[in-house]
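Structure data (mmCIF, C-alpha atoms and all ligand atoms) from target_35.cif:
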```cif
data_structure
loop_
_atom_site.label_atom_id
_atom_site.label_comp_id
_atom_site.auth_asym_id
_atom_site.auth_seq_id
_atom_site.Cartn_x
_atom_site.Cartn_y
_atom_site.Cartn_z
CA MET A 117 -5.86 -12.14 -1.33
CA ALA A 118 -5.45 -11.59 -5.04
CA CYS A 119 -4.77 -8.10 -6.26
CA ARG A 120 -6.78 -7.29 -9.31
CA PRO A 121 -4.82 -4.63 -11.12
CA PHE A 122 -6.42 -2.21 -13.50
CA GLY A 123 -5.22 -0.25 -16.50
CA GLU A 124 -3.39 2.81 -15.41
CA GLY A 125 -3.77 5.10 -18.38
CA PRO A 126 -1.63 7.98 -19.43
CA CYS A 127 -1.45 10.27 -16.47
CA LYS A 128 -1.16 9.91 -13.03
CA SER A 129 -4.61 11.42 -6.05
CA ARG A 130 -4.65 12.36 -2.91
CA GLY A 131 -4.71 9.73 -0.33
CA GLU A 132 -6.02 9.18 2.97
CA ALA A 133 -2.96 7.05 2.66
CA LEU A 134 -1.23 5.45 5.52
CA THR A 135 1.18 7.57 7.44
CA PRO A 136 4.73 7.57 6.09
CA ASN A 137 5.76 6.10 9.42
CA MET A 138 3.45 3.18 8.97
CA LEU A 139 4.53 2.68 5.38
CA THR A 140 8.23 2.54 5.92
CA ARG A 141 7.97 0.38 8.99
CA THR A 142 9.41 -2.89 7.94
CA SER A 143 9.33 -6.04 9.83
CA GLY A 144 12.90 -5.90 11.06
CA VAL A 145 11.66 -5.43 14.58
CA LEU A 146 9.38 -8.40 14.23
CA ILE A 147 12.05 -10.69 12.91
CA ALA A 148 14.31 -9.60 15.72
CA THR A 149 11.46 -10.36 18.11
CA LEU A 150 10.94 -13.75 16.57
CA LEU A 151 14.61 -14.58 16.75
CA ALA A 152 14.94 -13.27 20.27
CA ALA A 153 11.89 -15.20 21.37
CA ASN A 154 13.24 -18.26 19.59
CA CYS A 155 16.48 -18.06 21.54
CA SER A 156 14.81 -17.27 24.79
CA LYS A 157 15.65 -19.56 27.63
CA THR A 158 12.78 -18.31 29.72
CA PRO A 159 10.10 -20.99 30.11
CA GLY A 160 6.70 -20.01 28.77
CA ARG A 161 8.07 -17.22 26.59
CA ALA A 162 9.36 -19.29 23.69
CA PRO A 163 7.28 -19.15 20.52
CA ALA A 164 4.91 -22.05 19.97
CA ALA A 165 6.04 -23.98 16.93
CA SER A 166 3.86 -26.10 14.70
CA TYR A 167 5.14 -28.52 12.09
CA ASP A 168 3.91 -29.80 8.76
CA SER A 169 2.51 -33.28 9.41
CA LYS A 170 3.83 -34.64 6.10
CA THR A 171 7.26 -33.05 5.75
CA GLY A 172 7.96 -32.48 9.41
CA LYS A 173 9.19 -29.01 8.51
CA LEU A 174 8.51 -25.99 10.67
CA ALA A 175 5.21 -24.48 9.44
CA ALA A 176 4.40 -21.69 11.90
CA LEU A 177 5.73 -19.84 14.91
CA SER A 178 3.29 -18.12 17.25
CA VAL A 179 4.81 -15.35 19.31
CA ASP A 180 3.65 -13.22 22.20
CA SER A 181 5.95 -10.32 21.39
CA ASN A 182 4.87 -8.02 24.22
CA ARG A 183 4.70 -10.88 26.70
CA ASN A 184 1.22 -10.27 27.97
CA GLY A 185 0.17 -13.90 27.60
CA LYS A 186 -1.60 -13.42 24.29
CA VAL A 187 -0.25 -14.42 20.87
CA ASP A 188 -0.02 -11.35 18.63
CA THR A 189 2.34 -12.45 15.87
CA VAL A 190 2.25 -15.57 13.75
CA SER A 191 5.05 -16.31 11.34
CA HIS A 192 4.17 -18.77 8.61
CA MET A 193 7.26 -20.74 7.65
CA ASP A 194 8.57 -23.19 5.12
CA GLY A 195 11.18 -24.75 7.35
CA THR A 196 13.59 -21.92 8.12
CA ARG A 197 12.20 -19.62 5.44
CA ILE A 198 9.61 -17.02 6.41
CA LEU A 199 6.68 -16.92 4.01
CA ARG A 200 4.42 -14.47 5.78
CA ILE A 201 4.17 -12.77 9.14
CA GLU A 202 0.73 -11.86 10.46
CA VAL A 203 0.51 -9.23 13.18
CA ASP A 204 -2.39 -8.37 15.45
CA GLN A 205 -0.77 -5.43 17.14
CA ASP A 206 -3.71 -4.31 19.26
CA GLU A 207 -4.62 -7.94 20.02
CA ASN A 208 -8.27 -7.58 19.08
CA GLY A 209 -8.19 -10.97 17.37
CA ARG A 210 -8.00 -9.50 13.87
CA ILE A 211 -4.86 -9.12 11.82
CA ASP A 212 -3.66 -5.56 11.23
CA ARG A 213 -0.68 -6.27 9.04
CA TRP A 214 0.70 -8.95 6.79
CA ASP A 215 4.38 -9.04 5.80
CA PHE A 216 4.99 -11.13 2.71
CA TYR A 217 8.45 -12.46 1.91
CA GLY A 218 9.77 -13.50 -1.47
CA PRO A 219 11.85 -16.58 -2.33
CA ASP A 220 14.96 -14.39 -1.91
CA ARG A 221 13.91 -13.96 1.76
CA LYS A 222 13.38 -10.26 1.24
CA LEU A 223 10.28 -8.36 2.27
CA GLU A 224 8.20 -8.18 -0.87
CA ARG A 225 5.04 -6.39 0.18
CA VAL A 226 3.08 -5.44 3.28
CA GLY A 227 -0.69 -5.66 3.56
CA PHE A 228 -2.60 -3.38 5.93
CA SER A 229 -6.07 -3.34 7.39
CA ARG A 230 -6.57 0.40 7.65
CA GLN A 231 -9.74 0.00 9.72
CA ASN A 232 -8.15 -2.73 11.79
CA ASP A 233 -10.92 -5.21 11.16
CA GLY A 234 -8.93 -7.98 9.51
CA VAL A 235 -9.78 -6.83 5.97
CA MET A 236 -6.66 -6.16 3.92
CA ASP A 237 -7.43 -2.94 2.08
CA ALA A 238 -3.98 -1.61 1.25
CA VAL A 239 -0.79 -3.25 0.04
CA ALA A 240 2.58 -1.53 -0.01
CA TYR A 241 5.41 -2.60 -2.30
CA TYR A 242 9.03 -1.82 -1.57
CA GLU A 243 11.80 -1.43 -4.11
CA SER A 244 14.58 -1.98 -1.64
CA GLU A 245 14.87 -2.31 2.10
CA GLY A 246 12.04 -0.17 3.44
CA VAL A 247 11.75 2.17 0.42
CA LEU A 248 8.14 2.41 -0.61
CA SER A 249 7.60 2.40 -4.35
CA ARG A 250 3.93 1.62 -4.83
CA MET A 251 0.75 1.31 -2.90
CA GLU A 252 -2.45 -0.43 -3.96
CA VAL A 253 -5.64 0.52 -2.15
CA SER A 254 -9.07 -1.07 -2.13
CA THR A 255 -11.17 2.04 -1.44
CA ARG A 256 -14.37 -0.01 -1.22
CA ARG A 257 -12.61 -2.68 0.87
CA ASP A 258 -14.01 -5.41 -1.32
CA GLY A 259 -10.80 -7.11 -2.45
CA THR A 260 -10.57 -5.07 -5.64
CA PHE A 261 -7.67 -2.64 -5.61
CA ASP A 262 -8.96 0.42 -7.42
CA ARG A 263 -6.35 2.99 -6.56
CA LEU A 264 -2.63 3.01 -7.26
CA GLU A 265 -0.15 5.35 -5.59
CA HIS A 266 3.36 5.76 -6.90
CA TYR A 267 6.20 6.92 -4.68
CA VAL A 268 9.68 8.13 -5.45
CA ASP A 269 12.13 8.36 -2.55
CA GLY A 270 9.20 7.90 -0.19
CA HIS A 271 7.21 10.80 -1.67
CA LEU A 272 3.86 10.43 -3.40
CA THR A 273 4.27 11.41 -7.05
CA ARG A 274 1.13 10.25 -8.82
CA THR A 275 -1.99 8.21 -8.43
CA ALA A 276 -4.46 6.45 -10.69
CA GLU A 277 -7.98 5.61 -9.66
CA ASP A 278 -10.87 3.62 -11.06
CA THR A 279 -13.77 5.61 -9.64
CA ASP A 280 -16.62 3.71 -11.33
CA GLY A 281 -15.33 0.18 -10.86
CA ASP A 282 -15.17 -0.77 -14.52
CA GLY A 283 -11.59 -1.98 -14.16
CA ARG A 284 -10.00 1.01 -15.89
CA ALA A 285 -8.44 4.10 -14.40
CA ASP A 286 -10.42 7.26 -15.05
CA LYS A 287 -8.92 9.79 -12.65
CA TRP A 288 -5.29 10.68 -12.17
CA ASP A 289 -3.50 13.04 -9.80
CA GLU A 290 0.02 14.34 -10.27
CA TYR A 291 2.05 15.51 -7.30
CA GLY A 292 4.95 17.91 -7.11
CA PRO A 293 7.09 19.69 -4.54
CA SER A 294 5.44 22.05 -2.10
CA ALA A 295 6.83 25.51 -1.41
CA SER A 296 5.83 25.20 2.24
CA GLY A 297 6.74 21.71 3.36
CA PRO A 298 8.49 18.44 2.68
CA GLU A 299 5.41 16.55 1.47
CA ASN A 300 4.46 16.73 -2.18
CA ILE A 301 1.20 18.46 -3.03
CA VAL A 302 -1.26 17.71 -5.80
CA VAL A 303 -0.49 19.79 -8.90
CA SER A 304 -3.12 18.48 -11.30
CA THR A 305 -6.08 16.13 -11.59
CA SER A 306 -7.08 14.56 -14.90
CA PHE A 307 -10.39 12.96 -15.73
CA ASP A 308 -11.53 10.56 -18.40
CA ASP A 309 -15.12 11.80 -18.52
CA SER A 310 -16.14 9.92 -21.64
CA LYS A 311 -14.49 6.59 -20.69
CA ARG A 312 -12.35 6.60 -23.77
CA GLY A 313 -9.34 5.22 -21.91
CA LYS A 314 -7.34 8.42 -21.53
CA ALA A 315 -7.78 11.73 -19.81
CA GLU A 316 -9.55 14.55 -21.61
CA ARG A 317 -10.03 17.16 -18.88
CA ARG A 318 -7.44 18.43 -16.44
CA PHE A 319 -7.46 20.75 -13.45
CA VAL A 320 -4.14 22.44 -12.84
CA TYR A 321 -3.68 23.71 -9.28
CA GLY A 322 -1.66 26.57 -7.90
CA GLN A 323 0.52 26.29 -4.79
CA ASN A 324 -2.51 27.34 -2.69
CA GLY A 325 -4.42 24.26 -3.89
CA ALA A 326 -7.00 26.25 -5.85
CA ILE A 327 -7.67 25.47 -9.51
CA ALA A 328 -5.48 27.77 -11.55
CA ARG A 329 -6.81 26.65 -14.93
CA ILE A 330 -8.76 23.98 -16.75
CA GLU A 331 -7.23 22.22 -19.74
CA TRP A 332 -8.65 19.91 -22.38
CA ASP A 333 -7.33 17.24 -24.68
CA ARG A 334 -10.44 16.64 -26.75
CA ASP A 335 -8.62 15.03 -29.66
CA GLY A 336 -6.78 12.59 -27.44
CA ASP A 337 -3.29 13.33 -28.74
CA GLY A 338 -1.95 13.72 -25.22
CA ALA A 339 -1.46 17.48 -25.53
CA PHE A 340 -3.70 19.60 -23.30
CA THR A 341 -4.69 23.16 -24.14
CA PRO A 342 -6.11 25.70 -21.70
CA GLN A 343 -9.83 26.31 -21.78
CA VAL A 344 -10.64 29.57 -23.49
CA ALA A 345 -12.90 31.74 -21.39
CA SER A 346 -16.29 32.29 -23.00
CA ARG A 347 -18.17 35.57 -22.71
CA CA A 401 0.86 -10.36 23.22
CA CA A 402 -5.91 -6.22 15.37
CA CA A 403 -13.10 3.37 -14.49
CA CA A 404 -4.95 17.63 -27.71
#
```
Can you give me the file's structure in the form of structure tokens?
Ligand SMILES: [Ca+2]
Ligand SMILES: [Ca+2]
Ligand SMILES: [Ca+2]
Ligand SMILES: [Ca+2]
Amino acid sequence: MACRPFGEGPCKSRGEALTPNMLTRTSGVLIATLLAANCSKTPGRAPAASYDSKTGKLAALSVDSNRNGKVDTVSHMDGTRILRIEVDQDENGRIDRWDFYGPDRKLERVGFSRQNDGVMDAVAYYESEGVLSRMEVSTRRDGTFDRLEHYVDGHLTRTAEDTDGDGRADKWDEYGPSASGPENIVVSTSFDDSKRGKAERRFVYGQNGAIARIEWDRDGDGAFTPQVASR
């Protein structure tokens, strides 16, 4: 599936994102499973291998990782190199997760089907082993990724969203530390109401989540000024 990125704009939502647990779960367990299954001496439990008819190289390994007689994990291979691992964890016949590996054999990104229907609607990118740096979400589940989430040290820091599907971000949320818990909370939301390519209106929130003030950048210089109350 191709990711169609969109312009992010100057600022930076709130996500029904995947759980942190889900996000940081890398495929180490899977690889271990594959290797273990590969080395298994038990008849009937070895992974089924298929080979490229032209090159003769290993092309795929099908594994029944929980040994219930049903294949739940398919590793697509180029010989000994893993290209992609597809997992159908609940064994409903539709893939829940795709692990993509780069040429350096490192996990590059993980695709998720958040509704578990075989449609990849979120893709997580990792900067190093298991550390989430970015998430792309297709909120309409149509193959277009219209929401970006940025993470620092596993914490959501900002998002950009294309709410009207024109290919450009028009809504940004900034996140900051919470006084009451480890997860960041949204501190401001900016809107590009006039579709000029940068935010012009901004809600700034207090720690209780309520709007503390409204700010404007009507001239587009990047500097926001508080709305003056009219009377
Ligand atoms: Ca199984
Ligand atoms: Ca499934
Ligand atoms: Ca837009
Ligand atoms: Ca301004």
Atom CA of ligand CA 402 (chain A) and CA of Val203 in chain A, how far apart in Å?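 Separation between CA of Val203 in chain A and atom CA of ligand CA 402 (chain A): 7.4 Å.
Based on all atoms listed in the file, the protein and nucleic acid residues found within 10 Å of ligand CA 401 (chain A) are, by chain and then by number, Val179, Asp180, Ser181, Asn182, Arg183, Asn184, Gly185, Lys186, Val187, Asp188, Thr189, Asp204, Gln205, Asp206 and Glu207 of chain A.
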Now that the selection is made, can you save its residues with C-alpha atoms as a PDB file, keeping the file's coordinate frame?
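Saved result, result12.pdb, follows:
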```pdb
ATOM      1  CA  VAL A 179       4.810 -15.350  19.310  1.00  0.00           C
ATOM      2  CA  ASP A 180       3.650 -13.220  22.200  1.00  0.00           C
ATOM      3  CA  SER A 181       5.950 -10.320  21.390  1.00  0.00           C
ATOM      4  CA  ASN A 182       4.870  -8.020  24.220  1.00  0.00           C
ATOM      5  CA  ARG A 183       4.700 -10.880  26.700  1.00  0.00           C
ATOM      6  CA  ASN A 184       1.220 -10.270  27.970  1.00  0.00           C
ATOM      7  CA  GLY A 185       0.170 -13.900  27.600  1.00  0.00           C
ATOM      8  CA  LYS A 186      -1.600 -13.420  24.290  1.00  0.00           C
ATOM      9  CA  VAL A 187      -0.250 -14.420  20.870  1.00  0.00           C
ATOM     10  CA  ASP A 188      -0.020 -11.350  18.630  1.00  0.00           C
ATOM     11  CA  THR A 189       2.340 -12.450  15.870  1.00  0.00           C
ATOM     12  CA  ASP A 204      -2.390  -8.370  15.450  1.00  0.00           C
ATOM     13  CA  GLN A 205      -0.770  -5.430  17.140  1.00  0.00           C
ATOM     14  CA  ASP A 206      -3.710  -4.310  19.260  1.00  0.00           C
ATOM     15  CA  GLU A 207      -4.620  -7.940  20.020  1.00  0.00           C
TER      16      GLU A 207
END
```
Within 9 Å of ligand CA 404 (chain A), counting all atoms listed in the file, which protein or nucleic acid residues do you find, written as a ChimeraX atom specification? /A:316,332-341
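One finds CA of Thr275 in chain A at 7.1 Å from CA of Arg263 in chain A.
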Could you tell me how far CA of Phe307 in chain A lies from CA of Val268 in chain A, in Å and to one decimal?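 If I compute the distance from CA of Phe307 in chain A to CA of Val268 in chain A, I get 23.1 Å.
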